[in-house]
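Student: Next up, coords_38.cif (mmCIF, C-alpha atoms).
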data_structure
loop_
_atom_site.group_PDB
_atom_site.id
_atom_site.type_symbol
_atom_site.label_atom_id
_atom_site.label_comp_id
_atom_site.auth_asym_id
_atom_site.auth_seq_id
_atom_site.Cartn_x
_atom_site.Cartn_y
_atom_site.Cartn_z
ATOM 1 C CA MET A 1 1.722 -66.736 -37.421
ATOM 2 C CA SER A 2 -0.032 -63.427 -36.718
ATOM 3 C CA VAL A 3 -2.436 -62.078 -39.322
ATOM 4 C CA ILE A 4 -2.390 -58.340 -40.024
ATOM 5 C CA ALA A 5 -5.436 -57.188 -42.005
ATOM 6 C CA VAL A 6 -5.102 -53.736 -43.605
ATOM 7 C CA LEU A 7 -8.577 -52.345 -44.292
ATOM 8 C CA ALA A 8 -8.288 -50.148 -47.388
ATOM 9 C CA LEU A 9 -10.984 -47.531 -47.912
ATOM 10 C CA ASP A 10 -11.366 -45.407 -51.018
ATOM 11 C CA GLY A 11 -8.807 -42.614 -51.192
ATOM 12 C CA VAL A 12 -6.312 -44.265 -48.847
ATOM 13 C CA PRO A 13 -2.827 -42.671 -49.074
ATOM 14 C CA GLY A 14 -0.555 -45.006 -50.997
ATOM 15 C CA HIS A 15 2.226 -44.901 -48.420
ATOM 16 C CA GLN A 16 -0.156 -46.049 -45.685
ATOM 17 C CA LEU A 17 -0.912 -49.170 -47.704
ATOM 18 C CA THR A 18 2.750 -50.036 -48.229
ATOM 19 C CA THR A 19 4.116 -49.184 -44.775
ATOM 20 C CA PRO A 20 2.790 -52.321 -42.995
ATOM 21 C CA GLY A 21 4.466 -54.545 -45.578
ATOM 22 C CA LEU A 22 7.671 -52.569 -45.222
ATOM 23 C CA VAL A 23 7.768 -52.865 -41.424
ATOM 24 C CA PHE A 24 6.557 -56.413 -40.936
ATOM 25 C CA GLY A 25 8.335 -57.678 -44.042
ATOM 26 C CA THR A 26 11.634 -56.259 -42.807
ATOM 27 C CA ALA A 27 11.119 -57.824 -39.384
ATOM 28 C CA CYS A 28 10.359 -61.240 -40.922
ATOM 29 C CA ARG A 29 13.393 -61.060 -43.209
ATOM 30 C CA ASP A 30 15.825 -60.121 -40.464
ATOM 31 C CA HIS A 31 14.407 -62.302 -37.676
ATOM 32 C CA PRO A 32 13.627 -65.921 -38.655
ATOM 33 C CA ASP A 33 11.422 -66.428 -35.596
ATOM 34 C CA VAL A 34 9.116 -63.543 -36.617
ATOM 35 C CA ALA A 35 6.235 -64.502 -38.905
ATOM 36 C CA TYR A 36 3.317 -62.414 -40.142
ATOM 37 C CA GLU A 37 0.666 -62.833 -42.807
ATOM 38 C CA LEU A 38 -0.304 -59.465 -44.281
ATOM 39 C CA ARG A 39 -3.715 -59.115 -45.933
ATOM 40 C CA LEU A 40 -4.898 -56.167 -47.975
ATOM 41 C CA CYS A 41 -8.672 -56.051 -47.515
ATOM 42 C CA ALA A 42 -10.945 -53.866 -49.616
ATOM 43 C CA ALA A 43 -13.782 -51.983 -47.993
ATOM 44 C CA PRO A 44 -16.913 -51.639 -50.157
ATOM 45 C CA GLY A 45 -16.465 -48.868 -52.704
ATOM 46 C CA LEU A 46 -12.660 -49.026 -52.840
ATOM 47 C CA ARG A 47 -11.452 -47.669 -56.168
ATOM 48 C CA ALA A 48 -8.099 -45.953 -55.869
ATOM 49 C CA THR A 49 -5.499 -44.356 -53.640
ATOM 50 C CA GLY A 50 -5.743 -40.676 -52.820
ATOM 51 C CA ALA A 51 -4.112 -37.644 -54.440
ATOM 52 C CA PRO A 52 -1.829 -36.448 -55.859
ATOM 53 C CA THR A 53 -1.527 -39.454 -58.199
ATOM 54 C CA PRO A 54 -4.425 -41.861 -57.680
ATOM 55 C CA LEU A 55 -3.717 -45.514 -58.441
ATOM 56 C CA ARG A 56 -6.402 -48.098 -59.018
ATOM 57 C CA ILE A 57 -6.347 -50.906 -56.443
ATOM 58 C CA ALA A 58 -7.329 -54.552 -56.662
ATOM 59 C CA THR A 59 -7.154 -56.619 -53.475
ATOM 60 C CA PRO A 60 -7.500 -60.362 -52.809
ATOM 61 C CA PHE A 61 -9.697 -59.875 -49.719
ATOM 62 C CA GLY A 62 -12.839 -58.048 -48.769
ATOM 63 C CA LEU A 63 -14.262 -57.574 -45.289
ATOM 64 C CA ASP A 64 -14.054 -61.350 -44.917
ATOM 65 C CA GLY A 65 -10.295 -60.938 -44.529
ATOM 66 C CA LEU A 66 -10.864 -59.423 -41.091
ATOM 67 C CA ALA A 67 -12.595 -62.553 -39.789
ATOM 68 C CA ASP A 68 -9.567 -64.207 -38.165
ATOM 69 C CA ALA A 69 -7.111 -61.295 -38.091
ATOM 70 C CA ASP A 70 -5.011 -60.728 -34.993
ATOM 71 C CA VAL A 71 -4.604 -57.032 -35.861
ATOM 72 C CA VAL A 72 -6.896 -54.889 -38.018
ATOM 73 C CA LEU A 73 -5.210 -51.745 -39.323
ATOM 74 C CA VAL A 74 -7.403 -48.874 -40.566
ATOM 75 C CA PRO A 75 -5.352 -46.336 -42.575
ATOM 76 C CA GLY A 76 -6.454 -42.791 -43.243
ATOM 77 C CA HIS A 77 -8.565 -42.076 -46.327
ATOM 78 C CA ASP A 78 -10.521 -39.436 -48.214
ATOM 79 C CA GLY A 79 -14.118 -38.935 -47.206
ATOM 80 C CA HIS A 80 -13.523 -39.599 -43.522
ATOM 81 C CA ARG A 81 -16.383 -37.191 -42.726
ATOM 82 C CA ASP A 82 -18.834 -39.456 -44.546
ATOM 83 C CA GLU A 83 -20.518 -42.490 -43.061
ATOM 84 C CA PRO A 84 -18.247 -45.544 -43.390
ATOM 85 C CA PRO A 85 -19.113 -47.968 -46.186
ATOM 86 C CA ALA A 86 -21.819 -50.503 -45.406
ATOM 87 C CA GLY A 87 -20.578 -53.369 -43.294
ATOM 88 C CA VAL A 88 -17.373 -51.691 -42.093
ATOM 89 C CA PRO A 89 -18.524 -50.671 -38.562
ATOM 90 C CA ALA A 90 -20.070 -54.093 -37.995
ATOM 91 C CA ALA A 91 -16.898 -55.835 -39.212
ATOM 92 C CA LEU A 92 -14.775 -53.750 -36.839
ATOM 93 C CA ARG A 93 -17.095 -54.466 -33.899
ATOM 94 C CA ALA A 94 -17.014 -58.182 -34.707
ATOM 95 C CA ALA A 95 -13.210 -58.150 -34.855
ATOM 96 C CA ALA A 96 -13.043 -56.406 -31.480
ATOM 97 C CA ALA A 97 -15.482 -58.900 -29.984
ATOM 98 C CA ARG A 98 -13.214 -61.751 -31.130
ATOM 99 C CA GLY A 99 -10.271 -60.137 -29.348
ATOM 100 C CA SER A 100 -8.494 -58.557 -32.301
ATOM 101 C CA ARG A 101 -6.368 -55.485 -31.755
ATOM 102 C CA ILE A 102 -7.574 -52.603 -33.912
ATOM 103 C CA ALA A 103 -5.280 -49.781 -34.984
ATOM 104 C CA ALA A 104 -6.187 -46.588 -36.839
ATOM 105 C CA VAL A 105 -3.826 -44.164 -38.556
ATOM 106 C CA GLY A 106 -4.634 -40.460 -38.956
ATOM 107 C CA THR A 107 -8.152 -39.960 -40.339
ATOM 108 C CA GLY A 108 -8.730 -43.709 -40.023
ATOM 109 C CA THR A 109 -9.592 -42.848 -36.412
ATOM 110 C CA PHE A 110 -12.871 -41.349 -37.678
ATOM 111 C CA THR A 111 -13.849 -44.705 -39.198
ATOM 112 C CA LEU A 112 -13.041 -46.516 -35.980
ATOM 113 C CA ALA A 113 -14.908 -43.865 -33.979
ATOM 114 C CA ALA A 114 -18.000 -44.321 -36.157
ATOM 115 C CA SER A 115 -18.190 -47.929 -34.982
ATOM 116 C CA GLY A 116 -18.632 -46.737 -31.376
ATOM 117 C CA LEU A 117 -15.614 -48.733 -30.230
ATOM 118 C CA LEU A 118 -13.739 -45.644 -29.051
ATOM 119 C CA ASP A 119 -16.516 -44.262 -26.849
ATOM 120 C CA GLY A 120 -15.151 -43.631 -23.370
ATOM 121 C CA ARG A 121 -11.569 -44.228 -24.532
ATOM 122 C CA ARG A 122 -8.501 -42.134 -25.357
ATOM 123 C CA ALA A 123 -7.626 -41.674 -29.016
ATOM 124 C CA THR A 124 -5.811 -39.320 -31.353
ATOM 125 C CA THR A 125 -5.657 -38.356 -35.025
ATOM 126 C CA GLY A 126 -3.743 -35.959 -37.260
ATOM 127 C CA TRP A 127 -3.330 -32.559 -35.637
ATOM 128 C CA ARG A 128 -5.422 -30.820 -38.301
ATOM 129 C CA TYR A 129 -8.424 -32.948 -37.349
ATOM 130 C CA LEU A 130 -8.227 -33.038 -33.545
ATOM 131 C CA GLU A 131 -10.945 -30.451 -32.919
ATOM 132 C CA GLU A 132 -13.171 -32.036 -35.535
ATOM 133 C CA LEU A 133 -12.785 -35.475 -33.942
ATOM 134 C CA ALA A 134 -13.624 -34.074 -30.510
ATOM 135 C CA GLY A 135 -16.655 -32.227 -31.870
ATOM 136 C CA ARG A 136 -18.074 -35.155 -33.834
ATOM 137 C CA TYR A 137 -17.406 -37.741 -31.131
ATOM 138 C CA PRO A 138 -17.638 -36.028 -27.726
ATOM 139 C CA ARG A 139 -17.516 -39.362 -25.864
ATOM 140 C CA ILE A 140 -13.919 -39.873 -26.997
ATOM 141 C CA ASP A 141 -11.110 -38.471 -24.839
ATOM 142 C CA VAL A 142 -9.085 -36.879 -27.650
ATOM 143 C CA ASP A 143 -5.362 -36.778 -26.874
ATOM 144 C CA PRO A 144 -3.830 -33.747 -28.672
ATOM 145 C CA LEU A 145 -0.227 -34.741 -27.971
ATOM 146 C CA GLY A 146 -0.168 -38.492 -28.410
ATOM 147 C CA THR A 147 1.963 -40.121 -31.080
ATOM 148 C CA VAL A 148 0.636 -43.629 -30.501
ATOM 149 C CA VAL A 149 -2.281 -43.754 -28.060
ATOM 150 C CA GLU A 150 -3.110 -47.195 -26.696
ATOM 151 C CA ASP A 151 -6.333 -47.798 -24.805
ATOM 152 C CA GLY A 152 -7.154 -51.445 -24.297
ATOM 153 C CA PRO A 153 -7.034 -53.256 -27.652
ATOM 154 C CA PHE A 154 -7.292 -50.009 -29.613
ATOM 155 C CA LEU A 155 -4.350 -48.063 -31.020
ATOM 156 C CA THR A 156 -4.574 -44.685 -32.740
ATOM 157 C CA THR A 157 -1.844 -42.493 -34.107
ATOM 158 C CA ALA A 158 -1.145 -39.148 -35.758
ATOM 159 C CA GLY A 159 1.314 -37.659 -38.173
ATOM 160 C CA VAL A 160 2.781 -38.490 -41.577
ATOM 161 C CA PHE A 161 4.791 -41.334 -40.061
ATOM 162 C CA GLY A 162 1.906 -42.615 -37.962
ATOM 163 C CA GLY A 163 1.630 -45.865 -39.891
ATOM 164 C CA MET A 164 5.246 -46.720 -39.155
ATOM 165 C CA ASP A 165 4.849 -45.661 -35.518
ATOM 166 C CA ILE A 166 1.917 -47.985 -35.018
ATOM 167 C CA CYS A 167 3.440 -50.947 -36.867
ATOM 168 C CA LEU A 168 6.607 -50.692 -34.770
ATOM 169 C CA HIS A 169 4.431 -50.500 -31.660
ATOM 170 C CA VAL A 170 2.644 -53.733 -32.631
ATOM 171 C CA LEU A 171 5.965 -55.371 -33.462
ATOM 172 C CA ARG A 172 7.379 -54.416 -30.063
ATOM 173 C CA SER A 173 4.300 -55.790 -28.290
ATOM 174 C CA ASP A 174 4.564 -59.086 -30.179
ATOM 175 C CA HIS A 175 8.324 -59.676 -30.251
ATOM 176 C CA GLY A 176 9.975 -57.310 -27.796
ATOM 177 C CA ARG A 177 11.918 -54.099 -27.921
ATOM 178 C CA ARG A 178 15.065 -55.503 -29.538
ATOM 179 C CA VAL A 179 13.257 -56.692 -32.672
ATOM 180 C CA ALA A 180 11.356 -53.407 -32.976
ATOM 181 C CA ASP A 181 14.518 -51.359 -32.387
ATOM 182 C CA GLU A 182 16.483 -53.202 -35.035
ATOM 183 C CA THR A 183 13.624 -52.958 -37.529
ATOM 184 C CA GLY A 184 13.259 -49.241 -36.843
ATOM 185 C CA ARG A 185 16.970 -48.654 -37.406
ATOM 186 C CA GLU A 186 16.821 -50.567 -40.666
ATOM 187 C CA LEU A 187 13.957 -48.469 -41.996
ATOM 188 C CA ILE A 188 14.527 -44.948 -40.754
ATOM 189 C CA THR A 189 16.928 -42.654 -42.571
ATOM 190 C CA PRO A 190 17.671 -39.205 -41.087
ATOM 191 C CA LEU A 191 16.595 -36.326 -43.288
ATOM 192 C CA HIS A 192 19.770 -34.249 -43.404
ATOM 193 C CA THR A 193 22.795 -34.514 -45.644
ATOM 194 C CA TYR A 194 24.922 -35.636 -42.693
ATOM 195 C CA ALA A 195 22.774 -38.757 -42.349
ATOM 196 C CA ASP A 196 25.785 -41.065 -42.261
ATOM 197 C CA ASP A 197 27.114 -39.211 -39.226
ATOM 198 C CA VAL A 198 23.890 -39.403 -37.227
ATOM 199 C CA ARG A 199 22.656 -42.823 -38.297
ATOM 200 C CA ASP A 200 24.442 -44.495 -35.394
ATOM 201 C CA THR A 201 22.737 -42.172 -32.895
ATOM 202 C CA ILE A 202 19.281 -43.589 -33.585
ATOM 203 C CA ASP A 203 18.595 -45.798 -30.585
ATOM 204 C CA ARG A 204 15.709 -47.564 -28.937
ATOM 205 C CA GLU A 205 13.566 -44.447 -28.545
ATOM 206 C CA VAL A 206 13.082 -44.310 -32.313
ATOM 207 C CA THR A 207 10.281 -46.860 -31.923
ATOM 208 C CA GLU A 208 8.448 -44.533 -29.541
ATOM 209 C CA SER A 209 8.080 -41.753 -32.100
ATOM 210 C CA VAL A 210 9.419 -41.601 -35.614
ATOM 211 C CA GLY A 211 8.603 -37.871 -35.760
ATOM 212 C CA LEU A 212 8.724 -35.005 -33.297
ATOM 213 C CA GLU A 213 5.422 -33.474 -34.336
ATOM 214 C CA PRO A 214 3.554 -33.919 -31.026
ATOM 215 C CA THR A 215 6.448 -32.565 -28.952
ATOM 216 C CA LEU A 216 6.955 -29.632 -31.323
ATOM 217 C CA ARG A 217 3.253 -28.754 -31.067
ATOM 218 C CA TRP A 218 3.427 -28.950 -27.281
ATOM 219 C CA LEU A 219 6.583 -26.853 -27.169
ATOM 220 C CA GLU A 220 5.118 -24.146 -29.404
ATOM 221 C CA ALA A 221 1.998 -24.010 -27.225
ATOM 222 C CA ASN A 222 4.093 -23.482 -24.089
ATOM 223 C CA LEU A 223 6.581 -20.829 -25.154
ATOM 224 C CA HIS A 224 5.691 -18.704 -22.124
ATOM 225 C CA HIS A 225 6.956 -21.351 -19.699
ATOM 226 C CA PRO A 226 10.661 -21.546 -18.636
ATOM 227 C CA LEU A 227 11.209 -24.862 -20.419
ATOM 228 C CA THR A 228 14.394 -26.873 -19.950
ATOM 229 C CA PRO A 229 15.767 -29.833 -21.946
ATOM 230 C CA ALA A 230 14.549 -32.069 -19.108
ATOM 231 C CA ASP A 231 11.005 -30.678 -19.502
ATOM 232 C CA ILE A 232 11.058 -31.334 -23.251
ATOM 233 C CA ALA A 233 12.478 -34.832 -22.765
ATOM 234 C CA GLY A 234 9.839 -35.525 -20.127
ATOM 235 C CA HIS A 235 7.057 -34.627 -22.521
ATOM 236 C CA ALA A 236 8.546 -36.902 -25.192
ATOM 237 C CA ARG A 237 8.968 -39.661 -22.572
ATOM 238 C CA THR A 238 12.630 -40.130 -23.286
ATOM 239 C CA SER A 239 16.036 -39.024 -22.020
ATOM 240 C CA VAL A 240 17.669 -35.624 -22.514
ATOM 241 C CA SER A 241 20.421 -37.168 -24.650
ATOM 242 C CA SER A 242 17.901 -38.950 -26.848
ATOM 243 C CA ILE A 243 15.635 -35.926 -27.366
ATOM 244 C CA THR A 244 18.699 -33.841 -28.213
ATOM 245 C CA ARG A 245 19.773 -36.350 -30.871
ATOM 246 C CA ARG A 246 16.269 -36.493 -32.310
ATOM 247 C CA PHE A 247 15.972 -32.704 -32.532
ATOM 248 C CA GLN A 248 19.355 -32.484 -34.214
ATOM 249 C CA THR A 249 18.453 -35.244 -36.653
ATOM 250 C CA HIS A 250 15.079 -33.846 -37.688
ATOM 251 C CA THR A 251 15.512 -30.068 -37.264
ATOM 252 C CA GLY A 252 19.264 -29.472 -37.290
ATOM 253 C CA LEU A 253 18.946 -27.687 -33.931
ATOM 254 C CA SER A 254 19.184 -28.585 -30.264
ATOM 255 C CA PRO A 255 15.921 -28.442 -28.270
ATOM 256 C CA LEU A 256 16.826 -25.071 -26.747
ATOM 257 C CA GLN A 257 17.910 -23.668 -30.107
ATOM 258 C CA TYR A 258 14.590 -24.762 -31.596
ATOM 259 C CA LEU A 259 12.755 -23.247 -28.622
ATOM 260 C CA LEU A 260 14.554 -19.934 -29.098
ATOM 261 C CA ARG A 261 13.703 -19.867 -32.815
ATOM 262 C CA ALA A 262 10.063 -20.644 -32.044
ATOM 263 C CA ARG A 263 9.933 -17.849 -29.473
ATOM 264 C CA LEU A 264 11.453 -15.343 -31.870
ATOM 265 C CA HIS A 265 9.062 -16.430 -34.616
ATOM 266 C CA GLU A 266 6.159 -15.653 -32.279
ATOM 267 C CA VAL A 267 7.786 -12.335 -31.322
ATOM 268 C CA ARG A 268 7.944 -11.350 -35.004
ATOM 269 C CA ARG A 269 4.298 -12.270 -35.455
ATOM 270 C CA LEU A 270 3.196 -10.207 -32.456
ATOM 271 C CA LEU A 271 5.279 -7.230 -33.565
ATOM 272 C CA ALA A 272 3.846 -7.315 -37.069
ATOM 273 C CA GLU A 273 0.199 -8.028 -36.197
ATOM 274 C CA THR A 274 -0.446 -6.393 -32.811
ATOM 275 C CA ASP A 275 0.271 -3.316 -30.686
ATOM 276 C CA VAL A 276 1.245 -5.391 -27.642
ATOM 277 C CA PRO A 277 4.119 -3.628 -25.800
ATOM 278 C CA ILE A 278 7.525 -5.278 -25.911
ATOM 279 C CA GLU A 279 7.411 -5.932 -22.149
ATOM 280 C CA ARG A 280 4.262 -8.036 -22.524
ATOM 281 C CA ILE A 281 5.583 -9.759 -25.631
ATOM 282 C CA ALA A 282 8.669 -10.808 -23.665
ATOM 283 C CA ALA A 283 6.491 -12.338 -20.938
ATOM 284 C CA ARG A 284 4.183 -14.057 -23.419
ATOM 285 C CA THR A 285 7.055 -15.662 -25.312
ATOM 286 C CA GLY A 286 9.148 -16.874 -22.378
ATOM 287 C CA PHE A 287 12.018 -14.376 -22.334
ATOM 288 C CA THR A 288 13.319 -13.497 -18.880
ATOM 289 C CA SER A 289 13.211 -9.763 -19.627
ATOM 290 C CA PRO A 290 12.641 -7.285 -22.473
ATOM 291 C CA ALA A 291 16.417 -6.797 -22.602
ATOM 292 C CA ALA A 292 16.960 -10.519 -23.206
ATOM 293 C CA LEU A 293 14.357 -10.462 -25.960
ATOM 294 C CA ARG A 294 16.025 -7.470 -27.628
ATOM 295 C CA ARG A 295 19.457 -9.115 -27.439
ATOM 296 C CA HIS A 296 18.340 -12.380 -29.040
ATOM 297 C CA PHE A 297 16.159 -10.573 -31.564
ATOM 298 C CA ARG A 298 19.082 -8.440 -32.806
ATOM 299 C CA THR A 299 21.333 -11.503 -33.019
ATOM 300 C CA LEU A 300 18.865 -13.371 -35.230
ATOM 301 C CA THR A 301 17.438 -10.530 -37.340
ATOM 302 C CA ASP A 302 20.157 -7.832 -37.224
ATOM 303 C CA THR A 303 17.541 -5.259 -36.252
ATOM 304 C CA THR A 304 15.596 -4.137 -33.187
ATOM 305 C CA PRO A 305 12.023 -5.051 -32.258
ATOM 306 C CA ARG A 306 10.970 -1.404 -32.650
ATOM 307 C CA ALA A 307 12.492 -1.124 -36.120
ATOM 308 C CA TYR A 308 10.994 -4.473 -37.139
ATOM 309 C CA ARG A 309 7.521 -3.390 -36.017
ATOM 310 C CA ARG A 310 7.824 -0.038 -37.802
ATOM 311 C CA ALA A 311 8.931 -1.725 -41.031
ATOM 312 C CA HIS A 312 6.277 -4.433 -41.024
ATOM 313 C CA ARG A 313 3.356 -2.295 -39.880
ATOM 314 C CA GLY A 314 4.244 0.778 -41.908
#
Would you write the structure of this file as C-alpha cells?

Tutor:
Amino acid sequence: MSVIAVLALDGVPGHQLTTPGLVFGTACRDHPDVAYELRLCAAPGLRATGAPTPLRIATPFGLDGLADADVVLVPGHDGHRDEPPAGVPAALRAAAARGSRIAAVGTGTFTLAASGLLDGRRATTGWRYLEELAGRYPRIDVDPLGTVVEDGPFLTTAGVFGGMDICLHVLRSDHGRRVADETGRELITPLHTYADDVRDTIDREVTESVGLEPTLRWLEANLHHPLTPADIAGHARTSVSSITRRFQTHTGLSPLQYLLRARLHEVRRLLAETDVPIERIAARTGFTSPAALRRHFRTLTDTTPRAYRRAHRG
C-alpha cells in the first residue's frame, strides 16, 4: 500500500486538501487492486484553510507523518513568500533522501524551492507567480508553460486544477494509464450545459491536463505566428482531434475560433490604447493582411477598426 502524505500549511486552499482524497479514493473504490493510505499532516503553525471562508483544521499527523511516505504532496498556501515553518525544509529533504516522490501544487512550489531540492531542476507554479519564483530562486529552471513538470522525483504543477493534475499523474505512474484514465473520466465534468453530449468525448488525454490554461497562455503570447490546429495540438502534446474536443468542452469554441477571438481582442486593445497603424496591428496580431483584419473585425463587432478607434479614443 502506497502512503500519500499531504503536508498542510496555514492558509491552504480547502479544495487542495480534499482533492487527493477524491482522486485516490475514487481509484481505490473502482479498482480493487489499487490501495493507498492518505495522511493529512499538519505543518507547524497550521490553523485554518485560506479565504474566502476559513475553516479550522485538526489533523492526526504532524511532520512525523512524512517519515515513511511514498509521496509527499505540498499544496499551495497563504504566506508562501515567508520562510517555511520550522522543520518543514528539513522534513522535505529527509523525505527526498529516503526516495520519496515530492509533489507541489501552485504556491506550494515556493515551499519546496525553499528546501533547495529544486535547485538545478525544472519546476512550475501558478502563472501569476512565475516571475516571482524565477526571481527568488534563480537556480530553478522555471517552466512557464508546464501543466505538470516532472524532474526526477519532483513534480510541480500550476493552475486551479493542478492538484487533480498531479494526483492523476501519480496514479498513472503507479497503476498505468487505464486506471488514471478511468478515474479522470469519473471525476471530471465538462463546464457547459451540454455536458451530457460531450462527456463521452473525454479520453485518455484528460489525465495530461485537466485545464487548458498553459496552452491558452502560450497561444495568446504567439498571436503573431501563423498557428494551425496541429501547432496548438503539438504544444499541448496531444492530437488535433483531442485538442479540438478539449477547446470545445472548456471554451465552447474550436482552437481556431478561440485564436481568432484572441487576435481580435488584442486588436481592440491596440486600437483603443495606441496609435499603431492598422497595417502594423494586422502583422502584430497574425492576420494575413489589413483587409483580412477589417473583414473579421466587422463580422465580430459590426463596425470598422477606424470607427472603433475613434469611438474609444474620443

Student: Residue by residue, what does the PyMOL selection byres ((chain A and resi 259) around 12) grab here? Present the result as a JSON list (two decimals) with C-alpha atoms, in the frame of the given file.

Tutor:
[["chain", "number", "residue", "atom", "x", "y", "z"],
["A", 215, "THR", "CA", 6.45, -32.56, -28.95],
["A", 216, "LEU", "CA", 6.96, -29.63, -31.32],
["A", 217, "ARG", "CA", 3.25, -28.75, -31.07],
["A", 218, "TRP", "CA", 3.43, -28.95, -27.28],
["A", 219, "LEU", "CA", 6.58, -26.85, -27.17],
["A", 220, "GLU", "CA", 5.12, -24.15, -29.40],
["A", 221, "ALA", "CA", 2.00, -24.01, -27.22],
["A", 222, "ASN", "CA", 4.09, -23.48, -24.09],
["A", 223, "LEU", "CA", 6.58, -20.83, -25.15],
["A", 224, "HIS", "CA", 5.69, -18.70, -22.12],
["A", 225, "HIS", "CA", 6.96, -21.35, -19.70],
["A", 226, "PRO", "CA", 10.66, -21.55, -18.64],
["A", 227, "LEU", "CA", 11.21, -24.86, -20.42],
["A", 228, "THR", "CA", 14.39, -26.87, -19.95],
["A", 229, "PRO", "CA", 15.77, -29.83, -21.95],
["A", 231, "ASP", "CA", 11.00, -30.68, -19.50],
["A", 232, "ILE", "CA", 11.06, -31.33, -23.25],
["A", 247, "PHE", "CA", 15.97, -32.70, -32.53],
["A", 251, "THR", "CA", 15.51, -30.07, -37.26],
["A", 253, "LEU", "CA", 18.95, -27.69, -33.93],
["A", 254, "SER", "CA", 19.18, -28.58, -30.26],
["A", 255, "PRO", "CA", 15.92, -28.44, -28.27],
["A", 256, "LEU", "CA", 16.83, -25.07, -26.75],
["A", 257, "GLN", "CA", 17.91, -23.67, -30.11],
["A", 258, "TYR", "CA", 14.59, -24.76, -31.60],
["A", 260, "LEU", "CA", 14.55, -19.93, -29.10],
["A", 261, "ARG", "CA", 13.70, -19.87, -32.82],
["A", 262, "ALA", "CA", 10.06, -20.64, -32.04],
["A", 263, "ARG", "CA", 9.93, -17.85, -29.47],
["A", 264, "LEU", "CA", 11.45, -15.34, -31.87],
["A", 265, "HIS", "CA", 9.06, -16.43, -34.62],
["A", 266, "GLU", "CA", 6.16, -15.65, -32.28],
["A", 285, "THR", "CA", 7.06, -15.66, -25.31],
["A", 286, "GLY", "CA", 9.15, -16.87, -22.38],
["A", 287, "PHE", "CA", 12.02, -14.38, -22.33]]

Student: What do you get, as JSON, numbers by chain, if you spell out every residue that the PyMOL selection byres ((chain A and resi 40-43) around 7) selects here?

Tutor: {"A": [5, 6, 7, 8, 9, 38, 39, 44, 45, 46, 59, 60, 61, 62, 63, 65, 85, 88]}

Student: A:Asp143, A:Val23, A:His15, A:Gly106: which is nearest Arg172 in chain A, counting only C-alpha atoms?

Tutor: A:Val23

Student: Do you have the CA of Arg121 in chain A-CA of Thr157 in chain A distance handy?

Tutor: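 Atom-to-atom, CA of Arg121 in chain A and CA of Thr157 in chain A are spaced 13.8 Å apart.
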
Student: Taking the file as shown, what set of residues would the PyMOL selection byres ((chain A and resi 299-305) around 9) give back, as a ChimeraX atom specification?

Tutor: /A:261,264,267-268,271,278,293-298,306-310

Student: From the set A:Gly76, A:Arg128, A:Gly163, A:Met1, which residue has the shortest atom-to-atom contact distance to Pro32 in chain A, counting only C-alpha atoms?

Tutor: A:Met1

Student: Could you pull out every residue with an atom within 7 Å of (-6.2, -40.0, -35.9), file coordinates, counting only C-alpha atoms, and send them as a list in words?

Tutor: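 Neighbouring residues, ordered by chain and number, come to Ala104, Val105, Gly106, Thr107, Gly108, Thr109, Thr124, Thr125, Gly126, Thr156, Thr157 and Ala158 of chain A.
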
Student: Of the candidates A:Val3, A:Leu117, A:Leu168, A:Ala95, which one gets nearest to Glu186 in chain A if we count only C-alpha atoms?

Tutor: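 Among the listed residues, the smallest separation from Glu186 in chain A belongs to A:Leu168.
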
Student: Between CA of Ala113 in chain A and CA of Gly11 in chain A, what is the distance in Å, rounded to a tenth?

Tutor: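 Separation of CA of Ala113 in chain A and CA of Gly11 in chain A: 18.3 Å.
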
Student: Please compute the CA of Thr19 in chain A-CA of His175 in chain A distance, one decimal, in Å.

Tutor: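 Spanning CA of Thr19 in chain A to CA of His175 in chain A is a straight-line distance of 18.4 Å.
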
Student: May I have the protein, DNA and RNA residues with an atom at most 12 Å from (-7.9, -61.9, -27.3), counting only C-alpha atoms in the file's coordinates, returned as a PyMOL selection string?

Tutor: chain A and resi 68-71+95-102+152-153

Student: So, counting all atoms listed in the file, which residue among A:His77, A:Ile57, A:His31, A:Val72 is closest to Pro13 in chain A?

Tutor: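 Under the stated criterion, the closest residue is A:His77.
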
Student: Counting only C-alpha atoms, which residue out of A:Ser239, A:Ala311, A:Gly21, A:Val170 sits closest to Ala272 in chain A?

Tutor: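 Answer, going by the shortest atom-to-atom distance: A:Ala311.
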
Student: Would you please work out which residue, of A:Leu187, A:Val74, A:Ala123, A:Ala51, is nearest to Gln16 in chain A when using all atoms listed in the file?

Tutor: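 The shortest atom-to-atom distance to Gln16 in chain A comes from A:Val74.
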
Student: Mind filling out range 43-48 of chain A with N, CA, C and O atoms and sending it as a short mmCIF file (atom, residue, chain, number, x, y, z; two decimals), keeping the file's coordinate frame?

Tutor:
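Full text of out.cif as output:
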data_model
loop_
_atom_site.label_atom_id
_atom_site.label_comp_id
_atom_site.auth_asym_id
_atom_site.auth_seq_id
_atom_site.Cartn_x
_atom_site.Cartn_y
_atom_site.Cartn_z
N ALA A 43 -12.47 -52.38 -48.48
CA ALA A 43 -13.78 -51.98 -47.99
C ALA A 43 -14.70 -51.76 -49.19
O ALA A 43 -14.21 -51.46 -50.30
N PRO A 44 -16.00 -51.91 -49.04
CA PRO A 44 -16.91 -51.64 -50.16
C PRO A 44 -16.70 -50.24 -50.72
O PRO A 44 -16.54 -49.26 -49.99
N GLY A 45 -16.65 -50.16 -52.04
CA GLY A 45 -16.46 -48.87 -52.70
C GLY A 45 -15.02 -48.49 -52.98
O GLY A 45 -14.76 -47.43 -53.54
N LEU A 46 -14.07 -49.34 -52.59
CA LEU A 46 -12.66 -49.03 -52.84
C LEU A 46 -12.39 -48.95 -54.34
O LEU A 46 -12.72 -49.87 -55.09
N ARG A 47 -11.80 -47.83 -54.77
CA ARG A 47 -11.45 -47.67 -56.17
C ARG A 47 -9.97 -47.38 -56.35
O ARG A 47 -9.31 -48.01 -57.17
N ALA A 48 -9.46 -46.40 -55.59
CA ALA A 48 -8.10 -45.95 -55.87
C ALA A 48 -7.50 -45.31 -54.63
O ALA A 48 -8.19 -45.01 -53.66
#
